[in-house]
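K.L.:
Here's a structure for you.
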Amino acid sequence: MTEPRPVPFQRPTFPAADRIEHYFERSRDRRWFSNRGPCLELLTERLGARTGAVCLPVASGTLGLLVAVAGVRRAGTTALVPSFTFPATAQALIWNDLQPVFVDIDAEHWHLSPRALEQALAEGGDDVALVVACSAFGTPPPPAVREAWADACRAAGVPLLVDSAAGFGAIAEDGVPIGAQGTAEVVSFHATKPLAIGEGGAIFSRDDALVARMARLANFGFDANRHPIERRGINAKLDELHAATALAALDDLDAQLTARHVRACRMREGLGAQLVPQLGHEHSTVQFVSLLARDRAARNRMFERADGRIEIRSYYEPLHRAPAFADLPRVADLAVTDDIGGRIVSLPMAVDLTDSEIAEIVDVVAGDAR
């Protein structure tokens, strides 16, 4: 008898080949497969219209971060960034010869703490080249937090880059979409993201000149005459096949986000009040469902019960606790980051997660309450 397989942490969806070909035939007809072909032009237009910002599609979210950091930074040697994020956020800074300085998050919304940011900017002074905030788990920060970040950076004369990797399609409670935050904002279209195309991403900004510069950086530093005028040029272009895939995926995005929210709501209802969700989670893209256990021991028991039944994760484990980043400087003791990092548990999500799978997740996670 076949052993039952555990509920996977993610079960990505991908557009059917005929729906990708519906768009890709434009590229076939013109025999134009990269370097801003017809699919990329259409994708750029549609992504920009959805966010109200100028868009630059790129080959991955990480490449988007590399290009955006190079494009928006001012003079200086350090960058302020939360430790509660995916490694690529810090790695993009290091690739740009900036030293990450870790800043604490807020206990309720899990984004960069405005108060901690103000302290870090005051301590860092003119050496701070950039602030990188994150829309943790694809959840837009509360509008007051977003405005506090912008105000603090404006007062210090420091650009603000927002890493919203899983956030494309999310809209804050005041109607501001992911893509319209900060000096520039980066999203990912990785296979595990709600808008999944395999590898890909996009940079957004409301500054046309800045986007033009980042487009040069993403294309070997070339200007319109193919003269390399940027030293840090790189190949970060999104090719036509992935652009066609993104167009097909974009057609279904709203329906898929609705399906995720319906399933996440059922899951949280089954779990009751014993696990705490992120403030504003109802505005997220629900890449997966992240909750706080009451303490580290309770989370550890969850992982023990989950073994062989469901796949769960401990996203995010703080970067300042990881070997690669443990020696980097930090502002204060990062007490909230350590607390959240020790209690967080991320549960499975998929647009086709079944009722029986949701019941299995609830049964595993709710064990301490029985």
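As shown in the structure tokens, the chain order sets the letters A, B, ...; within each chain, residues go from 1, and ligands are also counted from 1 in the order they appear.
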Show which residues sit within 8 Å of Val72 (chain A), as a PyMOL selection string. Count only C-alpha atoms, and ignore same-chain residues fewer than 5 positions away.
P.N.:
chain A and resi 130+159+161+183-184+210
K.L.:
Just want the 12 Å neighbourhood of Ser135 (chain A), counted on only C-alpha atoms, with same-chain residues fewer than 6 positions away dropped. Output as a ChimeraX atom specification.
P.N.:
/A:81-82,84-86,89,105,109-113,141-143,145-146,161-168,170-172,177-179,181-182,185-187,278-281,283-285
K.L.:
Contacts between region 54-70 of chain A and region 133-231 of chain A, please, where a residue of region 133-231 of chain A counts if it comes within 9 Å (with only C-alpha atoms); show its shortest atom pair and distance in Å to one decimal, rows by chain and ascending number, as a Markdown table.
P.N.:
| residue | atom | partner | partner_atom | distance |
| --- | --- | --- | --- | --- |
| A:Leu161 | CA | A:Val69 | CA | 7.4 |
| A:Asp163 | CA | A:Leu65 | CA | 7.6 |
| A:Ala165 | CA | A:Gly61 | CA | 6.7 |
| A:Gly179 | CA | A:Cys55 | CA | 8.5 |
| A:Ala184 | CA | A:Ala68 | CA | 7.1 |
| A:Glu185 | CA | A:Ala68 | CA | 8.0 |
| A:Val186 | CA | A:Gly64 | CA | 6.2 |
| A:Val187 | CA | A:Gly61 | CA | 5.8 |
| A:Ser188 | CA | A:Gly61 | CA | 4.2 |
| A:Phe189 | CA | A:Gly61 | CA | 6.9 |
| A:His190 | CA | A:Ser60 | CA | 7.1 |
| A:Glu199 | CA | A:Ser60 | CA | 5.3 |
| A:Gly200 | CA | A:Ser60 | CA | 3.8 |
| A:Gly201 | CA | A:Gly61 | CA | 4.5 |
| A:Ala202 | CA | A:Pro57 | CA | 4.1 |
| A:Ile203 | CA | A:Leu56 | CA | 5.1 |
| A:Phe204 | CA | A:Cys55 | CA | 4.6 |
| A:Ser205 | CA | A:Val54 | CA | 5.4 |
| A:Arg206 | CA | A:Val54 | CA | 5.7 |
| A:Asp207 | CA | A:Val54 | CA | 7.3 |
| A:Asp208 | CA | A:Val54 | CA | 6.6 |
| A:Val211 | CA | A:Leu56 | CA | 6.9 |
| A:Ala212 | CA | A:Leu56 | CA | 8.7 |
| A:Met214 | CA | A:Val67 | CA | 6.2 |
| A:Ala215 | CA | A:Leu56 | CA | 6.7 |
| A:Leu217 | CA | A:Val67 | CA | 6.3 |
| A:Ala218 | CA | A:Val67 | CA | 6.4 |
K.L.:
Would you save the residues from that selection as a compact mmCIF listing (two decimals), in the first residue's frame, using N, CA and C atoms?
P.N.:
# COMPACT_ATOMS: atom_id res chain seq x y z
N LEU A 161 14.45 51.89 -0.79
CA LEU A 161 14.13 50.78 -1.68
C LEU A 161 13.28 49.79 -0.89
N ASP A 163 11.74 46.00 -0.79
CA ASP A 163 11.79 44.63 -1.31
C ASP A 163 10.45 43.98 -0.99
N ALA A 165 9.14 41.08 -2.49
CA ALA A 165 9.31 39.92 -3.36
C ALA A 165 8.01 39.18 -3.67
N GLY A 179 4.30 48.15 -5.48
CA GLY A 179 4.84 48.70 -6.71
C GLY A 179 4.88 50.22 -6.67
N ALA A 184 12.04 53.20 -5.09
CA ALA A 184 11.86 52.10 -6.04
C ALA A 184 11.40 50.89 -5.26
N GLU A 185 10.79 49.94 -5.95
CA GLU A 185 10.28 48.73 -5.30
C GLU A 185 10.51 47.55 -6.22
N VAL A 186 10.85 46.40 -5.63
CA VAL A 186 11.18 45.20 -6.40
C VAL A 186 10.25 44.06 -6.02
N VAL A 187 9.78 43.31 -7.03
CA VAL A 187 8.98 42.12 -6.79
C VAL A 187 9.59 40.94 -7.54
N SER A 188 9.19 39.74 -7.14
CA SER A 188 9.68 38.51 -7.76
C SER A 188 8.54 37.76 -8.41
N PHE A 189 8.83 37.13 -9.54
CA PHE A 189 7.89 36.23 -10.21
C PHE A 189 8.43 34.80 -10.22
N HIS A 190 9.20 34.45 -9.20
CA HIS A 190 9.74 33.10 -9.07
C HIS A 190 8.61 32.07 -9.07
N GLU A 199 11.40 31.96 -13.42
CA GLU A 199 12.29 32.99 -12.90
C GLU A 199 11.91 34.32 -13.53
N GLY A 200 11.90 35.36 -12.74
CA GLY A 200 11.57 36.68 -13.26
C GLY A 200 11.24 37.62 -12.12
N GLY A 201 11.04 38.88 -12.46
CA GLY A 201 10.69 39.88 -11.46
C GLY A 201 10.51 41.22 -12.13
N ALA A 202 10.36 42.26 -11.32
CA ALA A 202 10.18 43.60 -11.87
C ALA A 202 10.62 44.64 -10.85
N ILE A 203 11.08 45.78 -11.36
CA ILE A 203 11.38 46.96 -10.56
C ILE A 203 10.35 48.02 -10.91
N PHE A 204 9.87 48.74 -9.91
CA PHE A 204 8.90 49.82 -10.12
C PHE A 204 9.43 51.11 -9.51
N SER A 205 9.11 52.21 -10.14
CA SER A 205 9.40 53.53 -9.58
C SER A 205 8.51 54.54 -10.26
N ARG A 206 8.24 55.64 -9.58
CA ARG A 206 7.49 56.74 -10.19
C ARG A 206 8.42 57.77 -10.81
N ASP A 207 9.71 57.47 -10.83
CA ASP A 207 10.72 58.37 -11.38
C ASP A 207 11.18 57.83 -12.74
N ASP A 208 10.72 58.47 -13.81
CA ASP A 208 11.04 57.99 -15.15
C ASP A 208 12.55 57.93 -15.40
N VAL A 211 14.14 54.94 -13.67
CA VAL A 211 13.87 53.68 -14.36
C VAL A 211 14.71 53.58 -15.63
N ALA A 212 14.90 54.69 -16.33
CA ALA A 212 15.74 54.68 -17.52
C ALA A 212 17.17 54.30 -17.17
N MET A 214 18.08 52.46 -14.53
CA MET A 214 18.10 51.06 -14.14
C MET A 214 17.97 50.16 -15.37
N ALA A 215 17.25 50.62 -16.39
CA ALA A 215 17.16 49.85 -17.64
C ALA A 215 18.53 49.74 -18.29
N LEU A 217 21.42 49.85 -16.62
CA LEU A 217 22.17 48.94 -15.76
C LEU A 217 21.82 47.49 -16.03
N ALA A 218 20.56 47.23 -16.35
CA ALA A 218 20.10 45.87 -16.60
C ALA A 218 20.47 45.37 -17.99
K.L.:
Taking the backbone alone, and naming residues the way the document does, which bits of region 85-160 of chain A are strand (DSSP E) by DSSP, as a compact mmCIF listing (two decimals) with all heavy atoms, in the first residue's frame?
P.N.:
# COMPACT_ATOMS: atom_id res chain seq x y z
N GLN A 99 27.72 47.56 3.11
CA GLN A 99 27.65 46.71 4.29
C GLN A 99 26.25 46.80 4.90
O GLN A 99 25.82 47.88 5.33
CB GLN A 99 28.67 47.14 5.34
CG GLN A 99 28.65 46.23 6.58
CD GLN A 99 29.68 46.65 7.61
OE1 GLN A 99 29.63 47.77 8.11
NE2 GLN A 99 30.62 45.76 7.91
N PRO A 100 25.52 45.68 4.96
CA PRO A 100 24.22 45.72 5.62
C PRO A 100 24.37 46.01 7.11
O PRO A 100 25.27 45.48 7.78
CB PRO A 100 23.67 44.30 5.39
CG PRO A 100 24.43 43.76 4.23
CD PRO A 100 25.80 44.37 4.35
N VAL A 101 23.49 46.85 7.63
CA VAL A 101 23.38 47.10 9.06
C VAL A 101 21.96 46.72 9.44
O VAL A 101 21.00 47.30 8.94
CB VAL A 101 23.66 48.58 9.40
CG1 VAL A 101 23.46 48.83 10.89
CG2 VAL A 101 25.07 48.98 8.96
N PHE A 102 21.83 45.74 10.33
CA PHE A 102 20.52 45.19 10.63
C PHE A 102 19.74 46.06 11.62
O PHE A 102 20.29 46.53 12.62
CB PHE A 102 20.65 43.77 11.17
CG PHE A 102 21.17 42.78 10.16
CD1 PHE A 102 22.24 41.95 10.46
CD2 PHE A 102 20.59 42.69 8.91
CE1 PHE A 102 22.72 41.04 9.53
CE2 PHE A 102 21.06 41.79 7.96
CZ PHE A 102 22.12 40.96 8.28
N VAL A 103 18.45 46.23 11.32
CA VAL A 103 17.55 47.07 12.11
C VAL A 103 16.35 46.23 12.51
O VAL A 103 15.90 45.35 11.76
CB VAL A 103 17.11 48.30 11.29
CG1 VAL A 103 16.24 49.23 12.14
CG2 VAL A 103 18.32 49.05 10.74
N VAL A 128 25.19 56.34 5.55
CA VAL A 128 24.08 55.49 5.09
C VAL A 128 23.77 55.81 3.63
O VAL A 128 23.33 56.92 3.31
CB VAL A 128 22.83 55.67 5.96
CG1 VAL A 128 21.69 54.80 5.43
CG2 VAL A 128 23.13 55.32 7.41
N ALA A 129 24.01 54.86 2.75
CA ALA A 129 23.77 55.05 1.32
C ALA A 129 22.35 54.71 0.92
O ALA A 129 21.87 55.18 -0.13
CB ALA A 129 24.75 54.18 0.52
N LEU A 130 21.67 53.91 1.72
CA LEU A 130 20.38 53.37 1.29
C LEU A 130 19.65 52.75 2.47
O LEU A 130 20.28 52.21 3.38
CB LEU A 130 20.64 52.29 0.23
CG LEU A 130 19.45 51.54 -0.37
CD1 LEU A 130 18.57 52.48 -1.18
CD2 LEU A 130 19.93 50.39 -1.24
N VAL A 131 18.34 52.83 2.46
CA VAL A 131 17.48 52.06 3.37
C VAL A 131 16.71 51.05 2.53
O VAL A 131 16.13 51.40 1.50
CB VAL A 131 16.49 52.97 4.13
CG1 VAL A 131 15.44 52.13 4.86
CG2 VAL A 131 17.24 53.85 5.12
N VAL A 132 16.73 49.80 2.96
CA VAL A 132 15.91 48.77 2.31
C VAL A 132 14.88 48.28 3.33
O VAL A 132 15.24 47.71 4.36
CB VAL A 132 16.76 47.57 1.83
CG1 VAL A 132 15.86 46.55 1.13
CG2 VAL A 132 17.86 48.03 0.89
N ALA A 133 13.63 48.56 3.04
CA ALA A 133 12.53 48.02 3.84
C ALA A 133 11.92 46.85 3.08
O ALA A 133 12.13 46.70 1.88
CB ALA A 133 11.49 49.10 4.11
N CYS A 134 11.17 46.01 3.80
CA CYS A 134 10.59 44.83 3.16
C CYS A 134 9.10 44.74 3.46
O CYS A 134 8.67 45.03 4.58
CB CYS A 134 11.27 43.56 3.67
SG CYS A 134 13.04 43.49 3.36
N LEU A 160 14.93 55.24 -0.41
CA LEU A 160 14.24 54.10 0.19
C LEU A 160 13.89 53.09 -0.90
O LEU A 160 13.14 53.40 -1.83
CB LEU A 160 12.96 54.57 0.88
CG LEU A 160 11.99 53.48 1.37
CD1 LEU A 160 12.64 52.61 2.45
CD2 LEU A 160 10.70 54.11 1.88
K.L.:
Just give me the gap between CA of Val262 (chain A) and CA of Leu347 (chain A) in Å, one decimal is fine.
P.N.:
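Straight-line distance from CA of Val262 (chain A) to CA of Leu347 (chain A) works out to 14.7 Å.
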K.L.:
Check the DSSP output for the backbone and give back, as a PyMOL selection string, the residues of region 16-262 of chain A in helix (DSSP H, G or I).
P.N.:
chain A and resi 17-30+38-51+61-72+87-95+114-127+136-138+143-156+208-217+240-262
K.L.:
Using only C-alpha atoms, pick whichever of A:Asn35, A:Ala298, A:Ala144, A:Leu93 has the shortest atom-to-atom distance to Phe222 (chain A).
P.N.:
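Distance minimum relative to Phe222 (chain A) lands on A:Asn35.
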K.L.:
Counting only C-alpha atoms, which residue out of A:Ile344, A:Val336, A:Phe24, A:Leu275 sits closest to Arg296 (chain A)?
P.N.:
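So, comparing all the options, the nearest one is A:Ile344.
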K.L.:
A:Thr192, A:Gln287, A:Gln119, A:Thr245: which is nearest Val331 (chain A), counting only C-alpha atoms?
P.N.:
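Result for the nearest residue to Val331 (chain A): A:Gln119.
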